[in-house]
>>> print(open('my_file03.cif').read())   # mmCIF, C-alpha atoms
data_entry
loop_
_atom_site.label_atom_id
_atom_site.label_comp_id
_atom_site.auth_asym_id
_atom_site.auth_seq_id
_atom_site.Cartn_x
_atom_site.Cartn_y
_atom_site.Cartn_z
CA MET Q 3 137.80 109.17 231.63
CA PRO Q 4 135.10 106.46 231.48
CA GLN Q 5 136.40 102.96 232.26
CA LEU Q 6 134.80 101.54 229.07
CA PHE Q 7 136.85 103.91 226.91
CA LEU Q 8 140.04 103.00 228.78
CA ASN Q 9 139.29 99.32 228.28
CA MET Q 10 138.75 99.87 224.55
CA CYS Q 11 142.03 101.76 224.25
CA PHE Q 12 143.84 98.95 226.05
CA VAL Q 13 142.37 96.32 223.71
CA MET Q 14 143.26 98.36 220.64
CA PHE Q 15 146.82 98.92 221.90
CA ASN Q 16 147.25 95.18 222.46
CA LYS Q 17 146.00 94.39 218.98
CA ILE Q 18 148.34 96.92 217.39
CA TYR Q 19 151.26 95.64 219.46
CA LEU Q 20 150.55 92.00 218.59
CA CYS Q 21 150.21 92.81 214.89
CA HIS Q 22 153.54 94.64 215.00
CA MET Q 23 155.20 91.66 216.67
CA MET Q 24 153.69 89.08 214.30
CA SER Q 25 155.24 88.53 210.89
CA GLN Q 26 153.44 89.16 207.62
CA ARG Q 27 153.42 85.41 207.10
CA GLN Q 28 151.65 84.81 210.40
CA LEU Q 29 149.11 87.54 209.69
CA PHE Q 30 148.56 86.11 206.19
CA LEU Q 31 147.83 82.67 207.59
CA ASN Q 32 145.67 84.03 210.42
CA HIS Q 33 143.51 86.50 208.52
CA VAL Q 34 143.67 85.98 204.74
CA ALA Q 35 141.25 83.20 203.79
CA GLN Q 36 143.18 80.30 202.32
CA THR Q 37 142.42 78.20 199.24
CA SER Q 38 144.55 75.24 200.27
CA GLU Q 39 146.25 73.84 203.35
CA MET Q 40 149.69 74.52 201.87
CA PRO Q 41 149.89 77.85 200.01
CA MET Q 42 153.11 78.57 198.13
CA GLY Q 43 153.80 81.36 200.62
CA LEU Q 44 156.27 83.48 198.66
CA GLU Q 45 156.29 86.99 200.14
CA ILE Q 46 156.86 89.32 197.21
CA ALA Q 47 158.13 92.87 197.66
CA GLU Q 48 158.35 93.91 194.00
CA ALA Q 49 157.46 92.64 190.53
CA LYS Q 50 158.95 93.99 187.30
CA GLY Q 51 158.93 92.41 183.86
CA ILE Q 52 159.21 88.65 184.23
CA TYR Q 53 160.79 88.83 187.70
CA LEU Q 54 159.39 88.73 191.22
CA THR Q 55 161.59 89.79 194.14
CA ASP Q 56 160.80 88.58 197.64
CA VAL Q 57 161.31 90.40 200.94
CA PHE Q 58 164.74 88.80 201.35
CA GLY Q 59 165.93 90.11 197.99
CA LYS Q 60 165.75 86.76 196.17
CA ARG Q 61 164.65 87.11 192.56
CA TYR Q 62 162.36 84.62 190.81
CA MET Q 63 161.63 84.27 187.11
CA ASP Q 64 157.83 84.09 186.77
CA LEU Q 65 157.17 81.33 184.24
CA ILE Q 66 153.41 81.19 184.89
CA SER Q 67 152.44 84.89 184.63
CA GLY Q 68 150.20 84.70 187.68
CA ILE Q 69 148.33 81.97 185.72
CA SER Q 70 148.30 83.58 182.28
CA VAL Q 71 147.57 87.10 183.54
CA SER Q 72 150.74 89.15 183.13
CA ASN Q 73 151.08 88.75 179.36
CA VAL Q 74 152.94 92.07 179.03
CA GLY Q 75 154.99 91.41 182.15
CA HIS Q 76 154.61 92.77 185.64
CA GLY Q 77 154.30 96.53 186.01
CA HIS Q 78 154.67 97.44 182.35
CA PRO Q 79 155.41 101.18 182.39
CA LYS Q 80 152.76 102.01 179.77
CA VAL Q 81 150.11 100.14 181.73
CA VAL Q 82 151.15 101.78 185.00
CA ALA Q 83 151.07 105.22 183.36
CA ALA Q 84 147.57 104.59 182.00
CA ILE Q 85 146.36 103.57 185.45
CA LYS Q 86 147.82 106.67 187.11
CA GLU Q 87 146.39 108.96 184.45
CA GLN Q 88 142.89 107.51 184.82
CA VAL Q 89 142.97 107.56 188.64
CA ASP Q 90 143.53 111.31 188.48
CA LYS Q 91 140.40 111.72 186.31
CA TYR Q 92 137.83 109.47 187.96
CA MET Q 93 137.30 105.98 189.31
CA HIS Q 94 133.91 104.37 189.96
CA LEU Q 95 131.03 106.60 188.89
CA MET Q 96 127.93 104.44 188.46
CA VAL Q 97 126.86 100.84 187.99
CA TYR Q 98 127.82 99.39 184.62
CA GLY Q 99 126.05 100.58 181.49
CA GLU Q 100 124.46 103.86 182.63
CA TYR Q 101 127.13 106.49 182.07
CA ILE Q 102 129.30 107.01 179.01
CA GLN Q 103 132.83 106.45 180.31
CA SER Q 104 135.69 107.04 177.92
CA PRO Q 105 137.92 104.08 178.96
CA GLN Q 106 135.04 101.66 178.36
CA VAL Q 107 134.19 103.18 175.00
CA VAL Q 108 137.80 103.24 173.80
CA LEU Q 109 138.42 99.64 174.88
CA ALA Q 110 135.18 98.30 173.40
CA THR Q 111 135.82 100.09 170.12
CA LEU Q 112 139.41 98.87 169.91
CA LEU Q 113 138.43 95.28 170.66
CA SER Q 114 135.63 95.32 168.09
CA THR Q 115 138.05 96.43 165.36
CA LEU Q 116 140.25 93.41 166.12
CA LEU Q 117 137.46 90.83 166.21
CA PRO Q 118 135.18 89.33 163.53
CA ASN Q 119 132.12 91.40 162.63
CA ASN Q 120 129.74 89.28 164.70
CA LEU Q 121 131.77 89.98 167.85
CA SER Q 122 131.24 93.71 168.20
CA SER Q 123 129.22 94.12 171.40
CA ILE Q 124 131.26 93.89 174.59
CA TYR Q 125 129.87 93.43 178.09
CA PHE Q 126 132.56 94.15 180.67
CA THR Q 127 132.89 92.12 183.87
CA ASN Q 128 135.34 91.88 186.76
CA SER Q 129 136.68 88.39 186.03
CA GLY Q 130 136.63 85.35 183.81
CA SER Q 131 134.14 83.48 185.96
CA GLU Q 132 131.74 86.42 185.68
CA ALA Q 133 132.21 86.44 181.91
CA ILE Q 134 131.22 82.76 181.80
CA GLU Q 135 128.19 83.43 184.00
CA GLY Q 136 127.09 86.21 181.65
CA ALA Q 137 127.60 84.03 178.58
CA MET Q 138 125.53 81.23 180.11
CA LYS Q 139 122.65 83.58 180.90
CA LEU Q 140 122.90 85.22 177.49
CA SER Q 141 122.73 81.87 175.70
CA LYS Q 142 119.69 80.71 177.64
CA ARG Q 143 117.93 84.04 177.18
CA TYR Q 144 118.62 84.29 173.43
CA THR Q 145 117.82 80.70 172.48
CA GLY Q 146 115.01 80.07 174.94
CA ARG Q 147 116.70 76.75 175.74
CA THR Q 148 118.16 75.44 178.98
CA GLU Q 149 120.79 72.78 178.29
CA ILE Q 150 124.45 73.80 178.48
CA ILE Q 151 127.16 71.46 177.22
CA SER Q 152 130.84 71.61 178.12
CA PHE Q 153 133.79 69.25 178.04
CA VAL Q 154 135.47 66.72 180.30
CA ASN Q 155 138.42 68.37 182.10
CA ALA Q 156 137.23 71.87 181.17
CA TYR Q 157 137.81 74.68 183.64
CA HIS Q 158 135.50 77.69 183.46
CA GLY Q 159 135.59 79.17 186.98
CA SER Q 160 134.47 78.51 190.54
CA THR Q 161 131.18 80.37 190.87
CA GLN Q 162 128.01 78.25 191.08
CA GLY Q 163 127.16 78.51 187.39
CA SER Q 164 130.68 78.13 186.03
CA LEU Q 165 131.34 75.28 188.46
CA SER Q 166 128.26 73.54 187.10
CA ILE Q 167 129.91 73.22 183.69
CA MET Q 168 133.38 72.39 184.99
CA GLY Q 169 134.62 69.09 183.64
CA ASN Q 170 136.03 67.60 186.85
CA GLU Q 171 133.81 65.85 189.37
CA GLU Q 172 136.33 66.02 192.22
CA PHE Q 173 136.06 69.81 192.26
CA LYS Q 174 132.26 69.81 191.89
CA ASN Q 175 130.94 67.07 194.13
CA ALA Q 176 131.26 68.84 197.49
CA PHE Q 177 129.09 71.72 196.24
CA ARG Q 178 126.14 69.88 194.74
CA PRO Q 179 123.36 70.46 193.91
CA LEU Q 180 124.55 72.68 191.07
CA LEU Q 181 122.75 73.88 187.95
CA PRO Q 182 120.52 71.27 186.32
CA ASP Q 183 120.46 70.46 182.61
CA THR Q 184 124.19 70.41 181.99
CA ARG Q 185 126.10 67.75 180.08
CA LEU Q 186 129.78 66.89 179.64
CA ILE Q 187 131.16 65.53 176.37
CA ARG Q 188 134.72 64.56 175.46
CA PHE Q 189 137.14 67.00 173.87
CA ASN Q 190 138.52 65.87 170.52
CA VAL Q 191 135.94 63.05 170.25
CA GLU Q 192 133.88 63.69 167.13
CA GLU Q 193 131.34 60.99 168.02
CA ASP Q 194 130.23 62.97 171.10
CA LEU Q 195 129.03 65.91 169.01
CA VAL Q 196 125.78 64.03 168.45
CA TYR Q 197 124.79 64.95 172.04
CA ILE Q 198 124.44 68.57 170.92
CA THR Q 199 120.75 68.85 169.97
CA GLU Q 200 117.83 71.24 169.51
CA ARG Q 201 117.60 71.32 173.31
CA THR Q 202 121.08 72.82 173.66
CA ALA Q 203 121.33 76.53 174.44
CA CYS Q 204 125.12 76.63 174.06
CA VAL Q 205 128.31 74.66 174.01
CA VAL Q 206 131.18 76.18 176.01
CA VAL Q 207 134.66 75.23 174.80
CA GLU Q 208 138.26 76.24 175.46
CA PRO Q 209 140.03 76.29 172.08
CA VAL Q 210 143.05 74.96 173.99
CA GLN Q 211 142.05 73.15 177.18
CA GLY Q 212 144.01 74.90 179.90
CA GLU Q 213 143.73 73.00 183.17
CA ALA Q 214 143.57 69.69 181.30
CA GLY Q 215 147.26 70.28 180.62
CA ALA Q 216 147.26 72.61 177.59
CA ILE Q 217 145.50 70.14 175.29
CA VAL Q 218 145.15 71.34 171.69
CA PRO Q 219 142.27 70.40 169.36
CA GLU Q 220 142.90 67.60 166.90
CA LYS Q 221 142.31 67.80 163.14
CA ASP Q 222 139.12 69.76 162.42
CA PHE Q 223 137.42 69.14 165.76
CA LEU Q 224 136.53 72.78 166.44
CA LYS Q 225 135.27 73.29 162.87
CA LEU Q 226 133.06 70.20 163.27
CA LEU Q 227 131.85 71.56 166.61
CA ARG Q 228 130.97 74.86 164.93
CA LYS Q 229 129.10 72.97 162.17
CA ARG Q 230 127.10 70.91 164.67
CA CYS Q 231 126.07 74.00 166.65
CA ASP Q 232 124.90 75.65 163.44
CA GLU Q 233 122.86 72.56 162.50
CA VAL Q 234 120.88 72.53 165.75
CA GLY Q 235 120.80 76.29 166.47
CA ALA Q 236 122.97 76.19 169.57
CA LEU Q 237 125.35 79.05 170.37
CA LEU Q 238 129.06 78.29 170.49
CA VAL Q 239 130.83 79.99 173.40
CA ALA Q 240 134.64 80.17 173.26
CA ASP Q 241 136.27 80.42 176.68
CA GLU Q 242 139.47 82.33 175.88
CA ILE Q 243 140.02 83.47 179.45
CA GLN Q 244 143.41 81.75 179.59
CA THR Q 245 144.27 81.61 175.88
CA GLY Q 246 143.38 85.19 174.91
CA PHE Q 247 145.52 88.28 174.40
CA GLY Q 248 148.35 86.67 172.50
CA ARG Q 249 149.15 83.68 174.67
CA THR Q 250 148.91 81.13 171.83
CA GLY Q 251 150.49 83.28 169.10
CA LYS Q 252 147.29 84.92 167.89
CA LEU Q 253 145.32 87.62 169.65
CA PHE Q 254 142.72 84.91 170.29
CA ALA Q 255 143.23 81.17 169.93
CA PHE Q 256 140.13 80.59 167.80
CA GLU Q 257 142.01 82.35 164.99
CA HIS Q 258 144.29 79.31 164.72
CA TYR Q 259 141.44 76.87 164.12
CA ASP Q 260 139.30 78.43 161.41
CA PHE Q 261 136.07 78.95 163.35
CA VAL Q 262 134.31 81.95 164.87
CA PRO Q 263 132.30 81.64 168.09
CA ASP Q 264 128.93 83.25 168.77
CA VAL Q 265 130.11 84.39 172.19
CA LEU Q 266 133.69 85.03 173.31
CA CYS Q 267 134.73 85.08 176.99
CA ILE Q 268 137.95 86.92 177.90
CA ALA Q 269 139.81 88.03 181.04
CA LYS Q 270 143.21 87.20 182.66
CA GLY Q 271 145.75 88.71 180.21
CA MET Q 272 143.26 91.44 179.31
CA GLY Q 273 144.13 93.94 182.04
CA GLY Q 274 147.90 93.90 182.36
CA GLY Q 275 147.48 92.81 185.98
CA MET Q 276 144.23 94.65 186.73
CA PRO Q 277 140.95 92.73 187.27
CA ILE Q 278 138.78 92.81 184.15
CA GLY Q 279 136.90 90.42 181.90
CA ALA Q 280 134.20 90.49 179.25
CA PHE Q 281 131.81 88.42 177.22
CA VAL Q 282 131.46 89.47 173.61
CA SER Q 283 128.78 88.75 171.03
CA SER Q 284 126.73 90.37 168.30
CA PRO Q 285 124.47 93.35 169.03
CA GLU Q 286 121.47 91.18 168.15
CA ILE Q 287 122.31 88.46 170.64
CA MET Q 288 123.51 90.85 173.34
CA ASN Q 289 120.36 92.96 173.03
CA SER Q 290 118.34 90.11 174.51
CA LEU Q 291 119.64 91.10 177.96
CA THR Q 292 118.08 94.57 177.73
CA HIS Q 293 114.41 93.60 177.96
CA ASN Q 294 112.00 91.06 179.41
CA PRO Q 295 113.35 91.72 181.98
CA ILE Q 296 115.12 95.04 181.79
CA LEU Q 297 118.61 94.82 183.32
CA GLY Q 298 118.83 91.15 182.42
CA HIS Q 299 122.45 91.19 183.51
CA ILE Q 300 123.97 93.82 185.78
CA THR Q 301 127.24 94.48 187.60
CA THR Q 302 128.46 97.25 189.87
CA PHE Q 303 132.17 97.27 189.12
CA GLY Q 304 132.32 95.60 185.71
CA GLY Q 305 134.11 97.84 183.23
CA HIS Q 306 135.79 99.83 186.00
CA PRO Q 307 137.39 102.84 184.27
CA VAL Q 308 140.85 102.25 185.77
CA CYS Q 309 140.80 98.60 184.69
CA CYS Q 310 139.59 99.55 181.21
CA ALA Q 311 142.37 102.14 180.88
CA ALA Q 312 144.89 99.45 181.87
CA SER Q 313 143.36 97.09 179.32
CA VAL Q 314 143.61 99.64 176.50
CA ALA Q 315 147.28 100.15 177.32
CA THR Q 316 147.86 96.39 177.51
CA LEU Q 317 146.26 95.79 174.13
CA ARG Q 318 148.29 98.57 172.55
CA VAL Q 319 151.52 97.18 174.00
CA LEU Q 320 150.72 93.74 172.57
CA LEU Q 321 150.10 95.22 169.14
CA GLU Q 322 152.73 97.96 168.97
CA GLU Q 323 155.59 95.92 170.43
CA ASN Q 324 154.82 92.93 168.17
CA LEU Q 325 154.76 90.60 171.17
CA ILE Q 326 152.18 88.28 169.64
CA GLU Q 327 154.19 87.77 166.45
CA GLN Q 328 157.16 86.60 168.54
CA VAL Q 329 155.27 83.88 170.40
CA GLU Q 330 155.69 81.13 167.80
CA GLU Q 331 159.49 81.45 167.74
CA LYS Q 332 159.61 81.51 171.53
CA GLU Q 333 157.52 78.33 171.64
CA LYS Q 334 159.93 76.68 169.22
CA LEU Q 335 162.86 77.64 171.43
CA PHE Q 336 161.22 76.13 174.52
CA ARG Q 337 160.48 72.95 172.56
CA SER Q 338 164.03 72.69 171.24
CA LEU Q 339 165.61 73.16 174.66
CA LEU Q 340 163.31 71.16 176.93
CA ILE Q 341 164.34 67.68 175.85
CA HIS Q 342 164.89 65.11 178.59
CA GLU Q 343 164.20 61.41 178.94
CA ARG Q 344 161.87 62.07 181.89
CA ILE Q 345 159.68 64.47 179.88
CA LYS Q 346 157.07 62.18 178.32
CA ARG Q 347 155.66 64.85 176.01
CA MET Q 348 155.11 68.57 175.66
CA ASN Q 349 151.55 69.71 175.04
CA GLY Q 350 150.21 73.17 174.30
CA LYS Q 351 150.23 76.06 171.90
CA GLY Q 352 152.34 79.22 171.89
CA LEU Q 353 153.39 80.16 175.41
CA LEU Q 354 150.83 77.93 177.10
CA LEU Q 355 152.81 74.71 177.41
CA GLY Q 356 152.60 71.58 179.54
CA LEU Q 357 155.55 69.27 180.27
CA GLU Q 358 154.18 65.84 181.14
CA PHE Q 359 156.04 63.62 183.62
CA GLU Q 360 155.39 60.12 184.90
CA SER Q 361 153.49 61.18 188.03
CA PHE Q 362 152.35 64.10 190.15
CA GLU Q 363 154.96 63.18 192.75
CA GLU Q 364 157.77 63.51 190.21
CA ASN Q 365 156.31 66.72 188.83
CA LYS Q 366 155.94 68.22 192.30
CA ARG Q 367 159.53 67.36 193.18
CA ILE Q 368 160.77 69.11 190.04
CA ILE Q 369 158.51 72.12 190.56
CA ASP Q 370 159.78 72.57 194.12
CA LYS Q 371 163.37 72.43 192.90
CA CYS Q 372 162.64 74.95 190.14
CA ILE Q 373 161.19 77.41 192.65
CA ALA Q 374 164.11 76.89 195.02
CA ASN Q 375 166.38 77.62 192.05
CA GLY Q 376 164.53 80.83 191.22
CA VAL Q 377 162.08 79.78 188.48
CA ILE Q 378 158.36 79.69 189.30
CA VAL Q 379 156.44 76.93 187.54
CA ASP Q 380 153.26 75.11 188.54
CA TRP Q 381 151.03 72.16 187.68
CA PHE Q 382 147.59 72.00 186.06
CA LEU Q 383 144.44 71.40 188.11
CA PHE Q 384 143.24 68.44 186.08
CA ASN Q 385 146.61 67.17 184.90
CA ALA Q 386 148.79 67.21 187.98
CA GLN Q 387 151.63 65.25 186.36
CA SER Q 388 152.17 68.11 183.89
CA MET Q 389 154.21 71.26 184.56
CA ARG Q 390 152.73 74.59 183.48
CA ILE Q 391 154.95 76.92 181.45
CA ALA Q 392 153.21 80.19 180.59
CA PRO Q 393 155.64 83.10 180.92
CA PRO Q 394 154.95 86.73 180.08
CA LEU Q 395 155.09 87.21 176.33
CA THR Q 396 157.88 89.73 176.95
CA ILE Q 397 160.32 86.96 177.91
CA THR Q 398 163.53 87.18 175.89
CA GLU Q 399 165.47 84.43 174.14
CA GLU Q 400 168.21 84.70 176.74
CA GLU Q 401 165.69 84.40 179.58
CA ILE Q 402 164.11 81.35 177.93
CA ARG Q 403 167.53 79.67 177.77
CA LEU Q 404 168.20 80.48 181.44
CA ALA Q 405 164.78 79.18 182.48
CA CYS Q 406 165.22 75.94 180.53
CA GLU Q 407 168.64 75.40 182.12
CA VAL Q 408 167.06 75.63 185.57
CA ILE Q 409 164.20 73.28 184.61
CA LEU Q 410 166.56 70.65 183.17
CA LYS Q 411 168.85 70.95 186.20
CA SER Q 412 165.84 70.52 188.48
CA ILE Q 413 164.71 67.39 186.64
CA GLY Q 414 168.13 65.92 187.50
#
>>> encode(input="my_file03.cif", output="structure tokens")
Amino acid sequence: MPQLFLNMCFVMFNKIYLCHMMSQRQLFLNHVAQTSEMPMGLEIAEAKGIYLTDVFGKRYMDLISGISVSNVGHGHPKVVAAIKEQVDKYMHLMVYGEYIQSPQVVLATLLSTLLPNNLSSIYFTNSGSEAIEGAMKLSKRYTGRTEIISFVNAYHGSTQGSLSIMGNEEFKNAFRPLLPDTRLIRFNVEEDLVYITERTACVVVEPVQGEAGAIVPEKDFLKLLRKRCDEVGALLVADEIQTGFGRTGKLFAFEHYDFVPDVLCIAKGMGGGMPIGAFVSSPEIMNSLTHNPILGHITTFGGHPVCCAASVATLRVLLEENLIEQVEEKEKLFRSLLIHERIKRMNGKGLLLGLEFESFEENKRIIDKCIANGVIVDWFLFNAQSMRIAPPLTITEEEIRLACEVILKSIG
């Protein structure tokens, strides 16, 4: 047997042996690229409903839904069944937009029946960041303009384009230069709307600012924003990536605030745990991506049939089980129970809530205690002194009471 082959076998055996001896945690830290120096590090063996169970058998109540993703809970049986059924039929067939694939057609049709008439053309993506990227390109292509306006403390994703319109300089500065011709204005400040002009291609807004700490619009701010965009011919893009699919008590948060966007970006809670997003507009606006140049926006895996099947099932669960209609009462219960002298205020809408404390240090101490006591909560990127509460919409009244008991006990 050639010596080279023997050497290769020896190396492979050593690697297999070392991997067997090393723990999952060690392998995770060694080989899975990290996003921070101190990842949470929970090693989960199973997830069902609102509960995660780790490899030691400890059960955690998930009060953040994987950051507003698992709106119908983890592993909903109807979503799982839809995934299995579609896998048996076909998975990836062709790059997006070329073949007629039933899961895409069913999902797009269902969504269009639930949205205003001008939001009837759906372009499927893999994620929220990709939906934002598509919306930015679409706005520039349709209007022929270049300026994109967003808001201070807005979060729209981490890709180059979406990062360019993020509203936090700390997260952006290390990656400059970013896209030119972007501007930040202040959320809920009517005077800043004057900066939206005939040069503006679009304004991108979260109806409820997520990473700012679940900040809701004041008075008629979003209606005034809509009016200003109409006056100057700019498109209004609603980023509902975190607020969509029932999280605020409506299918989409813009329904609370009496305005309709020109472009809607969705993802997170859309797929029941599977990766999927979309940007939605009118056929007229969306058609501008089909010519000059052809294939103005393309994706390989966007609208993956398995993800679309999961999304159809998720949407049907939300509607048929009346989960969205229950959100307002569940919000009221959280608000009535979470009263403590150290909680400065509670921001948010529906089941996207932020408990504000005096400092990040205090918030972090409480969060760590909550997790140790079996309730997973988190903070917001741009409001680190606030605790994120965004459970699956399936959470019961009894589970809300148990969760609030743990939070109050952890505050001390």
>>> residues_around(input="my_file03.cif", residues="Q:Ala156", least_positions_apart="3", cutoff="8 Å", atoms="all atoms listed in the file", output="ChimeraX atom specification")
/Q:152-153,167-170,207-208,211-214
>>> atom_distance(input="my_file03.cif", atom1="atom CA of Q:Glu135", atom2="atom CA of Q:Arg201")
19.3 Å
>>> resolve_selection(input="my_file03.cif", expression="the PyMOL selection byres ((chain Q and resi 185) around 8)", output="VMD selection string")
chain Q and resid 149 to 152 167 183 to 184 186 to 187
>>> closest_residue(input="my_file03.cif", among="Q:Glu327, Q:Leu54, Q:Phe261, Q:Tyr62", to="Q:Leu404", atoms="only C-alpha atoms")
Q:Tyr62
>>> resolve_selection(input="my_file03.cif", expression="the PyMOL selection byres ((chain Q and resi 202) around 12)", output="number ranges by chain")
Q: 138, 141-142, 144-152, 183-185, 195-201, 203-206, 230-238
>>> resolve_selection(input="my_file03.cif", expression="the PyMOL selection byres ((chain Q and resi 300) around 9)", output="MDAnalysis selection string")
chainID Q and resid 97:99 297:299 301:302 304
>>> closest_residue(input="my_file03.cif", among="Q:Glu343, Q:Glu333, Q:Asp241, Q:Glu257", to="Q:Arg403", atoms="all atoms listed in the file")
Q:Glu333
>>> closest_atom_pairs(input="my_file03.cif", of="stretch 134-207 of chain Q", to="stretch 271-293 of chain Q", cutoff="7 Å", atoms="all atoms listed in the file", output="JSON lines")
{"residue": "Q:Gly136", "atom": "CA", "partner": "Q:Phe281", "partner_atom": "CA", "distance": 6.8}
{"residue": "Q:Ala137", "atom": "CA", "partner": "Q:Phe281", "partner_atom": "CA", "distance": 6.2}
{"residue": "Q:Leu140", "atom": "CA", "partner": "Q:Leu291", "partner_atom": "CA", "distance": 6.7}
{"residue": "Q:Arg143", "atom": "CA", "partner": "Q:Ser290", "partner_atom": "CA", "distance": 6.6}
{"residue": "Q:Tyr144", "atom": "CA", "partner": "Q:Ser290", "partner_atom": "CA", "distance": 5.9}
>>> closest_residue(input="my_file03.cif", among="Q:Leu354, Q:Ala312, Q:Leu112, Q:Ile134", to="Q:Leu395", atoms="all atoms listed in the file")
Q:Leu354
>>> atom_distance(input="my_file03.cif", atom1="atom CA of Q:Gly376", atom2="atom CA of Q:Phe58")
12.9 Å
>>> closest_residue(input="my_file03.cif", among="Q:Ala35, Q:Met348, Q:Ile397, Q:Ala269", to="Q:Ala216", atoms="only C-alpha atoms")
Q:Met348
>>> residues_around(input="my_file03.cif", residues="Q:Asp90", least_positions_apart="5", cutoff="12 Å", atoms="only C-alpha atoms", output="mmCIF file with C-alpha atoms, in the frame of the given file")
data_model
loop_
_atom_site.group_PDB
_atom_site.id
_atom_site.type_symbol
_atom_site.label_atom_id
_atom_site.label_comp_id
_atom_site.auth_asym_id
_atom_site.auth_seq_id
_atom_site.Cartn_x
_atom_site.Cartn_y
_atom_site.Cartn_z
ATOM 1 C CA ALA Q 83 151.070 105.220 183.360
ATOM 2 C CA ALA Q 84 147.570 104.590 182.000
ATOM 3 C CA ILE Q 85 146.360 103.570 185.450
ATOM 4 C CA PRO Q 307 137.390 102.840 184.270
ATOM 5 C CA VAL Q 308 140.850 102.250 185.770
ATOM 6 C CA ALA Q 311 142.370 102.140 180.880
#
>>> closest_residue(input="my_file03.cif", among="Q:Pro41, Q:Pro209, Q:Gly51, Q:Pro394", to="Q:Pro79", atoms="all atoms listed in the file")
Q:Gly51
>>> atom_distance(input="my_file03.cif", atom1="atom CA of Q:Asp260", atom2="atom CA of Q:Leu65")
29.1 Å
>>> closest_residue(input="my_file03.cif", among="Q:Pro393, Q:Pro219, Q:Pro105, Q:Gly352", to="Q:Ile52", atoms="all atoms listed in the file")
Q:Pro393
>>> axis_aligned_box(input="my_file03.cif", around="stretch 101-114 of chain Q", padding_each_side="8 Å", output="AutoDock Vina command-line options")
--center_x 133.3 --center_y 101.2 --center_z 175.1 --size_x 28.3 --size_y 27.8 --size_z 30.0
>>> residues_near_point(input="my_file03.cif", point="(137.2, 73.5, 166.4)", cutoff="9 Å", atoms="all atoms listed in the file", output="PyMOL selection string")
chain Q and resi 190+207+209+219-228+256+259-261
>>> write_last_selection(input="my_file03.cif", atoms="C-alpha atoms", output="short mmCIF file (atom, residue, chain, number, x, y, z; two decimals), keeping the file's coordinate frame")
data_model
loop_
_atom_site.label_atom_id
_atom_site.label_comp_id
_atom_site.auth_asym_id
_atom_site.auth_seq_id
_atom_site.Cartn_x
_atom_site.Cartn_y
_atom_site.Cartn_z
CA ASN Q 190 138.52 65.87 170.52
CA VAL Q 207 134.66 75.23 174.80
CA PRO Q 209 140.03 76.29 172.08
CA PRO Q 219 142.27 70.40 169.36
CA GLU Q 220 142.90 67.60 166.90
CA LYS Q 221 142.31 67.80 163.14
CA ASP Q 222 139.12 69.76 162.42
CA PHE Q 223 137.42 69.14 165.76
CA LEU Q 224 136.53 72.78 166.44
CA LYS Q 225 135.27 73.29 162.87
CA LEU Q 226 133.06 70.20 163.27
CA LEU Q 227 131.85 71.56 166.61
CA ARG Q 228 130.97 74.86 164.93
CA PHE Q 256 140.13 80.59 167.80
CA TYR Q 259 141.44 76.87 164.12
CA ASP Q 260 139.30 78.43 161.41
CA PHE Q 261 136.07 78.95 163.35
#
>>> build_atoms(input="my_file03.cif", residues="stretch 301-310 of chain Q", atoms="N, CA and C atoms", output="PDB file, keeping the file's coordinate frame")
ATOM      1  N   THR Q 301     126.038  94.561 186.783  1.00  0.00           N
ATOM      2  CA  THR Q 301     127.240  94.480 187.600  1.00  0.00           C
ATOM      3  C   THR Q 301     127.578  95.876 188.113  1.00  0.00           C
ATOM      4  N   THR Q 302     128.070  95.961 189.323  1.00  0.00           N
ATOM      5  CA  THR Q 302     128.460  97.250 189.870  1.00  0.00           C
ATOM      6  C   THR Q 302     129.806  97.717 189.334  1.00  0.00           C
ATOM      7  N   PHE Q 303     130.802  96.852 189.431  1.00  0.00           N
ATOM      8  CA  PHE Q 303     132.170  97.270 189.120  1.00  0.00           C
ATOM      9  C   PHE Q 303     132.669  96.815 187.760  1.00  0.00           C
ATOM     10  N   GLY Q 304     131.899  96.023 187.038  1.00  0.00           N
ATOM     11  CA  GLY Q 304     132.320  95.600 185.710  1.00  0.00           C
ATOM     12  C   GLY Q 304     132.625  96.799 184.822  1.00  0.00           C
ATOM     13  N   GLY Q 305     133.735  96.711 184.074  1.00  0.00           N
ATOM     14  CA  GLY Q 305     134.110  97.840 183.230  1.00  0.00           C
ATOM     15  C   GLY Q 305     134.632  99.022 184.027  1.00  0.00           C
ATOM     16  N   HIS Q 306     135.248  98.742 185.184  1.00  0.00           N
ATOM     17  CA  HIS Q 306     135.790  99.830 186.000  1.00  0.00           C
ATOM     18  C   HIS Q 306     136.740 100.670 185.143  1.00  0.00           C
ATOM     19  N   PRO Q 307     136.615 101.995 185.189  1.00  0.00           N
ATOM     20  CA  PRO Q 307     137.390 102.840 184.270  1.00  0.00           C
ATOM     21  C   PRO Q 307     138.903 102.667 184.395  1.00  0.00           C
ATOM     22  N   VAL Q 308     139.401 102.435 185.613  1.00  0.00           N
ATOM     23  CA  VAL Q 308     140.850 102.250 185.770  1.00  0.00           C
ATOM     24  C   VAL Q 308     141.277 100.934 185.119  1.00  0.00           C
ATOM     25  N   CYS Q 309     140.481  99.894 185.306  1.00  0.00           N
ATOM     26  CA  CYS Q 309     140.800  98.600 184.690  1.00  0.00           C
ATOM     27  C   CYS Q 309     140.707  98.677 183.171  1.00  0.00           C
ATOM     28  N   CYS Q 310     139.717  99.395 182.659  1.00  0.00           N
ATOM     29  CA  CYS Q 310     139.590  99.550 181.210  1.00  0.00           C
ATOM     30  C   CYS Q 310     140.757 100.339 180.637  1.00  0.00           C
TER      31      CYS Q 310
END
